[in-house]
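Enquirer: Input file: query-v7.pdb. Contents: PDB, C-alpha atoms.
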```pdb
ATOM      1  CA  MET T   1      33.530 174.765 164.648  1.00  0.00           C
ATOM      2  CA  ALA T   2      31.170 172.771 162.441  1.00  0.00           C
ATOM      3  CA  THR T   3      31.566 169.750 164.726  1.00  0.00           C
ATOM      4  CA  MET T   4      30.739 171.819 167.813  1.00  0.00           C
ATOM      5  CA  THR T   5      27.687 173.276 166.079  1.00  0.00           C
ATOM      6  CA  THR T   6      26.467 169.798 165.136  1.00  0.00           C
ATOM      7  CA  GLU T   7      26.943 168.475 168.667  1.00  0.00           C
ATOM      8  CA  HIS T   8      25.102 171.497 170.096  1.00  0.00           C
ATOM      9  CA  ALA T   9      22.225 170.979 167.663  1.00  0.00           C
ATOM     10  CA  GLU T  10      21.979 167.282 168.574  1.00  0.00           C
ATOM     11  CA  ARG T  11      21.992 168.071 172.296  1.00  0.00           C
ATOM     12  CA  SER T  12      19.355 170.774 171.823  1.00  0.00           C
ATOM     13  CA  PHE T  13      17.175 168.292 169.927  1.00  0.00           C
ATOM     14  CA  VAL T  14      17.473 165.693 172.693  1.00  0.00           C
ATOM     15  CA  GLU T  15      16.807 168.282 175.422  1.00  0.00           C
ATOM     16  CA  THR T  16      13.708 169.552 173.609  1.00  0.00           C
ATOM     17  CA  TYR T  17      12.155 166.225 172.687  1.00  0.00           C
ATOM     18  CA  TRP T  18      13.378 163.890 175.458  1.00  0.00           C
ATOM     19  CA  PRO T  19       9.826 163.119 176.747  1.00  0.00           C
ATOM     20  CA  LEU T  20       8.797 161.933 173.290  1.00  0.00           C
ATOM     21  CA  ILE T  21      12.090 160.119 172.678  1.00  0.00           C
ATOM     22  CA  SER T  22      11.905 158.297 176.004  1.00  0.00           C
ATOM     23  CA  PHE T  23       8.311 157.208 175.400  1.00  0.00           C
ATOM     24  CA  VAL T  24       9.110 155.999 171.877  1.00  0.00           C
ATOM     25  CA  ALA T  25      12.086 154.074 173.277  1.00  0.00           C
ATOM     26  CA  LEU T  26       9.905 152.606 176.026  1.00  0.00           C
ATOM     27  CA  VAL T  27       7.568 151.146 173.400  1.00  0.00           C
ATOM     28  CA  GLY T  28       9.944 150.746 170.471  1.00  0.00           C
ATOM     29  CA  ILE T  29      12.885 148.888 172.024  1.00  0.00           C
ATOM     30  CA  PRO T  30      10.835 145.907 173.274  1.00  0.00           C
ATOM     31  CA  ALA T  31       8.746 145.845 170.078  1.00  0.00           C
ATOM     32  CA  ALA T  32      11.715 146.042 167.691  1.00  0.00           C
ATOM     33  CA  GLY T  33      13.675 143.577 169.817  1.00  0.00           C
ATOM     34  CA  SER T  34      10.824 141.098 169.591  1.00  0.00           C
ATOM     35  CA  VAL T  35      10.737 141.439 165.798  1.00  0.00           C
ATOM     36  CA  ALA T  36      14.496 140.876 165.595  1.00  0.00           C
ATOM     37  CA  LEU T  37      14.118 137.790 167.774  1.00  0.00           C
ATOM     38  CA  VAL T  38      11.330 136.345 165.627  1.00  0.00           C
ATOM     39  CA  PHE T  39      13.237 136.816 162.375  1.00  0.00           C
ATOM     40  CA  SER T  40      16.610 135.659 163.690  1.00  0.00           C
ATOM     41  CA  LEU T  41      18.993 133.826 161.335  1.00  0.00           C
ATOM     42  CA  GLN T  42      18.115 135.808 158.201  1.00  0.00           C
ATOM     43  CA  ILE T  43      21.418 137.699 158.346  1.00  0.00           C
ATOM     44  CA  LEU T  44      23.347 134.424 158.552  1.00  0.00           C
ATOM     45  CA  ARG T  45      21.350 133.010 155.650  1.00  0.00           C
ATOM     46  CA  PHE T  46      22.116 136.129 153.622  1.00  0.00           C
ATOM     47  CA  ILE T  47      25.754 135.026 153.523  1.00  0.00           C
ATOM     48  CA  ASP T  48      24.978 131.922 151.474  1.00  0.00           C
ATOM     49  CA  GLY T  49      21.979 133.376 149.640  1.00  0.00           C
ATOM     50  CA  ALA T  50      19.326 131.267 151.388  1.00  0.00           C
ATOM     51  CA  TYR T  51      17.483 134.244 152.868  1.00  0.00           C
ATOM     52  CA  GLN T  52      13.980 135.636 152.437  1.00  0.00           C
ATOM     53  CA  PRO T  53      13.941 139.360 151.502  1.00  0.00           C
ATOM     54  CA  LEU T  54      11.085 140.549 153.724  1.00  0.00           C
ATOM     55  CA  PRO T  55      12.168 138.723 156.914  1.00  0.00           C
ATOM     56  CA  LEU T  56      15.740 139.880 156.273  1.00  0.00           C
ATOM     57  CA  ALA T  57      14.592 143.486 155.923  1.00  0.00           C
ATOM     58  CA  ALA T  58      12.523 143.109 159.097  1.00  0.00           C
ATOM     59  CA  GLU T  59      15.481 141.728 161.065  1.00  0.00           C
ATOM     60  CA  VAL T  60      17.949 144.359 159.857  1.00  0.00           C
ATOM     61  CA  GLY T  61      15.448 147.187 160.311  1.00  0.00           C
ATOM     62  CA  SER T  62      14.493 146.083 163.812  1.00  0.00           C
ATOM     63  CA  LEU T  63      18.129 145.752 164.906  1.00  0.00           C
ATOM     64  CA  LEU T  64      18.907 149.243 163.588  1.00  0.00           C
ATOM     65  CA  THR T  65      15.818 150.587 165.352  1.00  0.00           C
ATOM     66  CA  VAL T  66      16.891 149.040 168.666  1.00  0.00           C
ATOM     67  CA  ALA T  67      20.410 150.488 168.303  1.00  0.00           C
ATOM     68  CA  ILE T  68      19.190 154.001 167.444  1.00  0.00           C
ATOM     69  CA  LEU T  69      16.593 154.111 170.222  1.00  0.00           C
ATOM     70  CA  PHE T  70      19.080 152.641 172.703  1.00  0.00           C
ATOM     71  CA  PHE T  71      21.671 155.385 172.175  1.00  0.00           C
ATOM     72  CA  MET T  72      19.056 158.143 171.995  1.00  0.00           C
ATOM     73  CA  LEU T  73      17.560 156.937 175.275  1.00  0.00           C
ATOM     74  CA  ARG T  74      20.964 156.911 176.952  1.00  0.00           C
ATOM     75  CA  ALA T  75      21.487 160.486 175.757  1.00  0.00           C
ATOM     76  CA  CYS T  76      18.114 161.463 177.249  1.00  0.00           C
ATOM     77  CA  LEU T  77      18.905 159.838 180.582  1.00  0.00           C
ATOM     78  CA  ALA T  78      22.161 161.785 180.810  1.00  0.00           C
ATOM     79  CA  LEU T  79      20.245 165.095 180.870  1.00  0.00           C
ATOM     80  CA  PRO T  80      19.653 166.952 184.160  1.00  0.00           C
ATOM     81  CA  SER T  81      15.945 167.062 183.268  1.00  0.00           C
ATOM     82  CA  ALA T  82      15.712 163.272 182.875  1.00  0.00           C
ATOM     83  CA  PRO T  83      12.751 161.639 184.652  1.00  0.00           C
ATOM     84  CA  ARG T  84      12.945 160.230 188.161  1.00  0.00           C
ATOM     85  CA  GLY T  85      11.187 157.523 190.091  1.00  0.00           C
ATOM     86  CA  ALA T  86       9.727 154.290 188.729  1.00  0.00           C
ATOM     87  CA  TYR T  87       9.585 155.607 185.150  1.00  0.00           C
ATOM     88  CA  ARG T  88      13.304 156.302 185.272  1.00  0.00           C
ATOM     89  CA  ASN T  89      13.968 152.815 186.629  1.00  0.00           C
ATOM     90  CA  VAL T  90      12.135 151.253 183.696  1.00  0.00           C
ATOM     91  CA  LEU T  91      14.020 153.425 181.203  1.00  0.00           C
ATOM     92  CA  ASP T  92      17.325 152.572 182.909  1.00  0.00           C
ATOM     93  CA  PHE T  93      16.590 148.912 182.316  1.00  0.00           C
ATOM     94  CA  LEU T  94      16.021 149.446 178.588  1.00  0.00           C
ATOM     95  CA  ALA T  95      19.136 151.627 178.317  1.00  0.00           C
ATOM     96  CA  MET T  96      21.238 149.222 180.415  1.00  0.00           C
ATOM     97  CA  ALA T  97      22.094 152.208 182.598  1.00  0.00           C
ATOM     98  CA  ARG T  98      23.056 152.079 186.285  1.00  0.00           C
ATOM     99  CA  TRP T  99      22.430 148.355 186.463  1.00  0.00           C
ATOM    100  CA  HIS T 100      23.149 146.570 189.723  1.00  0.00           C
ATOM    101  CA  PRO T 101      26.175 144.226 189.372  1.00  0.00           C
ATOM    102  CA  ALA T 102      23.867 141.262 190.021  1.00  0.00           C
ATOM    103  CA  VAL T 103      21.670 142.351 187.110  1.00  0.00           C
ATOM    104  CA  LYS T 104      24.733 142.592 184.858  1.00  0.00           C
ATOM    105  CA  ALA T 105      25.933 139.144 185.915  1.00  0.00           C
ATOM    106  CA  THR T 106      22.461 137.688 185.382  1.00  0.00           C
ATOM    107  CA  PHE T 107      22.278 139.235 181.917  1.00  0.00           C
ATOM    108  CA  ILE T 108      25.637 137.699 180.986  1.00  0.00           C
ATOM    109  CA  ALA T 109      24.377 134.328 182.223  1.00  0.00           C
ATOM    110  CA  LEU T 110      21.231 134.737 180.124  1.00  0.00           C
ATOM    111  CA  VAL T 111      23.320 135.429 177.014  1.00  0.00           C
ATOM    112  CA  VAL T 112      25.984 132.757 177.549  1.00  0.00           C
ATOM    113  CA  LEU T 113      24.364 129.752 179.256  1.00  0.00           C
ATOM    114  CA  PRO T 114      21.702 128.853 176.633  1.00  0.00           C
ATOM    115  CA  GLY T 115      24.343 128.685 173.900  1.00  0.00           C
ATOM    116  CA  VAL T 116      26.743 126.705 176.053  1.00  0.00           C
ATOM    117  CA  TRP T 117      23.987 124.263 176.977  1.00  0.00           C
ATOM    118  CA  TYR T 118      22.900 123.787 173.375  1.00  0.00           C
ATOM    119  CA  LEU T 119      26.399 123.463 171.915  1.00  0.00           C
ATOM    120  CA  HIS T 120      27.361 120.990 174.647  1.00  0.00           C
ATOM    121  CA  GLY T 121      24.862 118.587 173.121  1.00  0.00           C
ATOM    122  CA  SER T 122      25.565 119.696 169.537  1.00  0.00           C
ATOM    123  CA  HIS T 123      29.347 119.999 169.592  1.00  0.00           C
ATOM    124  CA  TRP T 124      29.437 118.725 166.011  1.00  0.00           C
ATOM    125  CA  LEU T 125      28.183 122.155 164.984  1.00  0.00           C
ATOM    126  CA  VAL T 126      31.327 123.827 166.324  1.00  0.00           C
ATOM    127  CA  ILE T 127      33.542 121.179 164.716  1.00  0.00           C
ATOM    128  CA  THR T 128      31.822 121.665 161.371  1.00  0.00           C
ATOM    129  CA  PHE T 129      32.395 125.431 161.437  1.00  0.00           C
ATOM    130  CA  ARG T 130      36.029 124.933 162.420  1.00  0.00           C
ATOM    131  CA  THR T 131      36.517 122.534 159.526  1.00  0.00           C
ATOM    132  CA  MET T 132      34.478 124.162 156.772  1.00  0.00           C
ATOM    133  CA  GLY T 133      34.306 127.790 157.827  1.00  0.00           C
ATOM    134  CA  ARG T 134      31.617 129.857 156.114  1.00  0.00           C
ATOM    135  CA  ARG T 135      30.890 127.033 153.677  1.00  0.00           C
ATOM    136  CA  ALA T 136      29.229 125.182 156.563  1.00  0.00           C
ATOM    137  CA  LEU T 137      26.240 127.526 156.219  1.00  0.00           C
ATOM    138  CA  LYS T 138      25.315 125.742 152.968  1.00  0.00           C
ATOM    139  CA  SER T 139      24.797 122.468 154.813  1.00  0.00           C
ATOM    140  CA  GLY T 140      21.214 121.551 155.618  1.00  0.00           C
ATOM    141  CA  ASP T 141      22.261 119.926 158.884  1.00  0.00           C
ATOM    142  CA  VAL T 142      24.081 123.083 159.939  1.00  0.00           C
ATOM    143  CA  GLN T 143      21.051 125.207 159.070  1.00  0.00           C
ATOM    144  CA  ASP T 144      18.888 122.914 161.189  1.00  0.00           C
ATOM    145  CA  GLY T 145      21.405 123.170 164.019  1.00  0.00           C
ATOM    146  CA  LEU T 146      21.406 126.974 163.842  1.00  0.00           C
ATOM    147  CA  ASP T 147      17.607 126.929 163.783  1.00  0.00           C
ATOM    148  CA  GLY T 148      17.693 124.912 166.994  1.00  0.00           C
ATOM    149  CA  LEU T 149      20.180 127.317 168.596  1.00  0.00           C
ATOM    150  CA  THR T 150      18.006 130.271 167.588  1.00  0.00           C
ATOM    151  CA  ALA T 151      14.922 128.593 169.047  1.00  0.00           C
ATOM    152  CA  VAL T 152      16.761 128.060 172.350  1.00  0.00           C
ATOM    153  CA  TYR T 153      17.651 131.757 172.534  1.00  0.00           C
ATOM    154  CA  GLN T 154      14.157 132.823 171.527  1.00  0.00           C
ATOM    155  CA  LEU T 155      12.699 130.799 174.373  1.00  0.00           C
ATOM    156  CA  ALA T 156      15.389 131.793 176.883  1.00  0.00           C
ATOM    157  CA  LEU T 157      15.050 135.514 176.154  1.00  0.00           C
ATOM    158  CA  THR T 158      11.266 135.365 176.086  1.00  0.00           C
ATOM    159  CA  GLY T 159      11.212 133.710 179.499  1.00  0.00           C
ATOM    160  CA  GLY T 160      14.300 135.360 180.977  1.00  0.00           C
ATOM    161  CA  VAL T 161      14.046 139.063 180.117  1.00  0.00           C
ATOM    162  CA  PRO T 162      10.872 139.662 182.192  1.00  0.00           C
ATOM    163  CA  LEU T 163      12.552 137.970 185.166  1.00  0.00           C
ATOM    164  CA  LEU T 164      15.691 140.048 184.601  1.00  0.00           C
ATOM    165  CA  PHE T 165      13.506 143.153 184.631  1.00  0.00           C
ATOM    166  CA  GLY T 166      12.051 141.982 187.923  1.00  0.00           C
ATOM    167  CA  ILE T 167      15.507 141.675 189.497  1.00  0.00           C
ATOM    168  CA  HIS T 168      16.400 145.143 188.183  1.00  0.00           C
ATOM    169  CA  MET T 169      13.287 146.725 189.684  1.00  0.00           C
ATOM    170  CA  PHE T 170      13.819 144.867 192.957  1.00  0.00           C
ATOM    171  CA  SER T 171      17.378 146.236 193.163  1.00  0.00           C
ATOM    172  CA  ARG T 172      15.943 149.755 192.797  1.00  0.00           C
ATOM    173  CA  TRP T 173      13.229 149.070 195.351  1.00  0.00           C
ATOM    174  CA  LYS T 174      15.822 147.950 197.918  1.00  0.00           C
ATOM    175  CA  PRO T 175      18.903 149.993 196.916  1.00  0.00           C
ATOM    176  CA  LYS T 176      20.557 149.725 200.335  1.00  0.00           C
ATOM    177  CA  ASN T 177      20.537 145.931 200.286  1.00  0.00           C
ATOM    178  CA  ARG T 178      23.405 145.216 197.880  1.00  0.00           C
ATOM    179  CA  PHE T 179      23.466 141.451 198.447  1.00  0.00           C
ATOM    180  CA  LEU T 180      19.820 140.467 198.131  1.00  0.00           C
ATOM    181  CA  PRO T 181      19.737 140.766 194.299  1.00  0.00           C
ATOM    182  CA  TRP T 182      22.613 138.267 194.156  1.00  0.00           C
ATOM    183  CA  LEU T 183      20.462 135.787 196.075  1.00  0.00           C
ATOM    184  CA  LEU T 184      17.832 136.100 193.364  1.00  0.00           C
ATOM    185  CA  MET T 185      20.171 134.809 190.646  1.00  0.00           C
ATOM    186  CA  PRO T 186      19.521 131.089 191.320  1.00  0.00           C
ATOM    187  CA  LEU T 187      15.785 131.810 191.357  1.00  0.00           C
ATOM    188  CA  PHE T 188      16.172 133.650 188.063  1.00  0.00           C
ATOM    189  CA  LEU T 189      17.929 130.726 186.415  1.00  0.00           C
ATOM    190  CA  MET T 190      15.338 128.308 187.762  1.00  0.00           C
ATOM    191  CA  GLY T 191      12.507 130.583 186.670  1.00  0.00           C
ATOM    192  CA  THR T 192      13.956 130.948 183.181  1.00  0.00           C
ATOM    193  CA  ALA T 193      14.249 127.164 182.834  1.00  0.00           C
ATOM    194  CA  ILE T 194      10.654 126.725 183.978  1.00  0.00           C
ATOM    195  CA  GLY T 195       9.546 129.459 181.592  1.00  0.00           C
ATOM    196  CA  VAL T 196      11.264 127.746 178.669  1.00  0.00           C
ATOM    197  CA  VAL T 197       9.583 124.440 179.541  1.00  0.00           C
ATOM    198  CA  LEU T 198       6.179 126.138 179.753  1.00  0.00           C
ATOM    199  CA  LEU T 199       6.682 127.931 176.429  1.00  0.00           C
ATOM    200  CA  VAL T 200       7.643 124.662 174.738  1.00  0.00           C
ATOM    201  CA  ALA T 201       4.583 122.966 176.259  1.00  0.00           C
ATOM    202  CA  ILE T 202       2.303 125.769 175.070  1.00  0.00           C
ATOM    203  CA  ALA T 203       3.834 125.721 171.578  1.00  0.00           C
ATOM    204  CA  HIS T 204       3.223 121.980 171.267  1.00  0.00           C
ATOM    205  CA  HIS T 205      -0.232 122.007 172.839  1.00  0.00           C
TER
END
```
What is this file in structure tokens?
Expert:
Amino acid sequence: MATMTTEHAERSFVETYWPLISFVALVGIPAAGSVALVFSLQILRFIDGAYQPLPLAAEVGSLLTVAILFFMLRACLALPSAPRGAYRNVLDFLAMARWHPAVKATFIALVVLPGVWYLHGSHWLVITFRTMGRRALKSGDVQDGLDGLTAVYQLALTGGVPLLFGIHMFSRWKPKNRFLPWLLMPLFLMGTAIGVVLLVAIAHH
């Protein structure tokens, strides 16, 4: 009975405040995700004690914020009174809800390919972890390698997520054309690579 009462109270809260929750998620998920991306690696450095307290707190707090807002937004979108139209399409993107299969495949490529590309040229990093395990984190070379891997993901996500959002919105704009979003995948990969190059050029300008 207590469990049912709690679930009813949570649902009533979401139903009452879903406009506010959805707006906070619209702003908060990208903002908190950006903070987590900037302060990446602090959790790994916590393992061997080479962390900085404030950046670590920022990374952990931002990741928790993204997780909480993500699940609250999904709960809002499951309501009959959830918004419709373009606003709903944007919220669906943030909640990873009702994604086109091409968008899902592109997201997986965005998560996997940068790491594969980096580790292909830095395979010693994988060998070191296999040999030394967690003790490898105390190596300066390993820390530099992880910094490089983090930088690759920071650039890839910074350049790739806006393009992924574009494919998502295009799939909603042309919902009857199920194959056209798949044709955009090569353009997405090319655009992400160009975006990374431009970001590196701007950073070193």
Enquirer: Determine, counting only C-alpha atoms, which protein, DNA and RNA residues have an atom within 12 Å of an atom of T:Gly148; residues of the same chain fewer than 2 positions away are not included. Present the result as a CSV table (one decimal) with C-alpha atoms, keeping the file's coordinate frame.
Expert:
```csv
chain,number,residue,atom,x,y,z
T,40,SER,CA,16.6,135.7,163.7
T,41,LEU,CA,19.0,133.8,161.3
T,114,PRO,CA,21.7,128.9,176.6
T,115,GLY,CA,24.3,128.7,173.9
T,117,TRP,CA,24.0,124.3,177.0
T,118,TYR,CA,22.9,123.8,173.4
T,119,LEU,CA,26.4,123.5,171.9
T,121,GLY,CA,24.9,118.6,173.1
T,122,SER,CA,25.6,119.7,169.5
T,125,LEU,CA,28.2,122.2,165.0
T,141,ASP,CA,22.3,119.9,158.9
T,142,VAL,CA,24.1,123.1,159.9
T,143,GLN,CA,21.1,125.2,159.1
T,144,ASP,CA,18.9,122.9,161.2
T,145,GLY,CA,21.4,123.2,164.0
T,146,LEU,CA,21.4,127.0,163.8
T,150,THR,CA,18.0,130.3,167.6
T,151,ALA,CA,14.9,128.6,169.0
T,152,VAL,CA,16.8,128.1,172.4
T,153,TYR,CA,17.7,131.8,172.5
T,154,GLN,CA,14.2,132.8,171.5
T,155,LEU,CA,12.7,130.8,174.4
```
Enquirer: Name the residues that the PyMOL selection byres ((chain T and resi 158) around 9) pulls out of this structure, and write them as an NGL selection string.
Expert: :T and (34 or 153-157 or 159-162 or 192 or 195-196 or 199)
Enquirer: Applying 10 Å and only C-alpha atoms, which residues near stretch 51-62 of chain T remain after dropping the ones on its own chain fewer than 6 positions away? List them as a list in words.
Expert: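 Counting only the stated atoms, we get Gly28, Ile29, Ala31, Ala32, Gly33, Ser34, Val35, Ala36, Leu37, Val38, Phe39, Ser40, Leu41, Gln42, Ile43, Leu44, Arg45 and Ile68 of chain T.
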Enquirer: Do you have the atom CA of T:Phe165-atom CA of T:Pro19 distance handy?
Expert: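 Value for the atom CA of T:Phe165-atom CA of T:Pro19 distance: 21.8 Å.
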Enquirer: One number please: atom CA of T:Glu15 to atom CA of T:Arg74, in Å, one decimal.
Expert: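 So the answer is 12.2 Å.
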Enquirer: Evaluating the PyMOL selection byres ((chain T and resi 78) around 12) on the displayed file yields which residues, as a tab-separated table (two decimals) with C-alpha atoms, keeping the file's coordinate frame?
Expert:
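Printed below is part38.tsv as written:
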```
chain	number	residue	atom	x	y	z
T	11	ARG	CA	21.99	168.07	172.30
T	14	VAL	CA	17.47	165.69	172.69
T	15	GLU	CA	16.81	168.28	175.42
T	18	TRP	CA	13.38	163.89	175.46
T	22	SER	CA	11.90	158.30	176.00
T	71	PHE	CA	21.67	155.38	172.18
T	72	MET	CA	19.06	158.14	172.00
T	73	LEU	CA	17.56	156.94	175.28
T	74	ARG	CA	20.96	156.91	176.95
T	75	ALA	CA	21.49	160.49	175.76
T	76	CYS	CA	18.11	161.46	177.25
T	77	LEU	CA	18.90	159.84	180.58
T	79	LEU	CA	20.24	165.10	180.87
T	80	PRO	CA	19.65	166.95	184.16
T	81	SER	CA	15.94	167.06	183.27
T	82	ALA	CA	15.71	163.27	182.88
T	83	PRO	CA	12.75	161.64	184.65
T	84	ARG	CA	12.94	160.23	188.16
T	88	ARG	CA	13.30	156.30	185.27
T	91	LEU	CA	14.02	153.43	181.20
T	92	ASP	CA	17.32	152.57	182.91
T	95	ALA	CA	19.14	151.63	178.32
T	97	ALA	CA	22.09	152.21	182.60
T	98	ARG	CA	23.06	152.08	186.28
```
Enquirer: Could you state which residues are captured by the PyMOL selection byres ((chain T and resi 103) around 8) in this file, as a JSON list (two decimals) with C-alpha atoms, keeping the file's coordinate frame?
Expert:
```json
[["chain", "number", "residue", "atom", "x", "y", "z"],
["T", 99, "TRP", "CA", 22.43, 148.35, 186.46],
["T", 100, "HIS", "CA", 23.15, 146.57, 189.72],
["T", 101, "PRO", "CA", 26.18, 144.23, 189.37],
["T", 102, "ALA", "CA", 23.87, 141.26, 190.02],
["T", 104, "LYS", "CA", 24.73, 142.59, 184.86],
["T", 105, "ALA", "CA", 25.93, 139.14, 185.92],
["T", 106, "THR", "CA", 22.46, 137.69, 185.38],
["T", 107, "PHE", "CA", 22.28, 139.24, 181.92],
["T", 164, "LEU", "CA", 15.69, 140.05, 184.60],
["T", 167, "ILE", "CA", 15.51, 141.68, 189.50],
["T", 168, "HIS", "CA", 16.40, 145.14, 188.18],
["T", 181, "PRO", "CA", 19.74, 140.77, 194.30]]
```
Enquirer: What is the distance between atom CA of T:Thr65 and atom CA of T:Ala109, in Å to one decimal?
Expert: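 That distance, rounded to one decimal, is 24.9 Å.
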Enquirer: Using only C-alpha atoms, which residue out of T:Leu69, T:Ala86, T:Leu94, T:Phe46 lies closest to T:Arg134?
Expert: T:Phe46
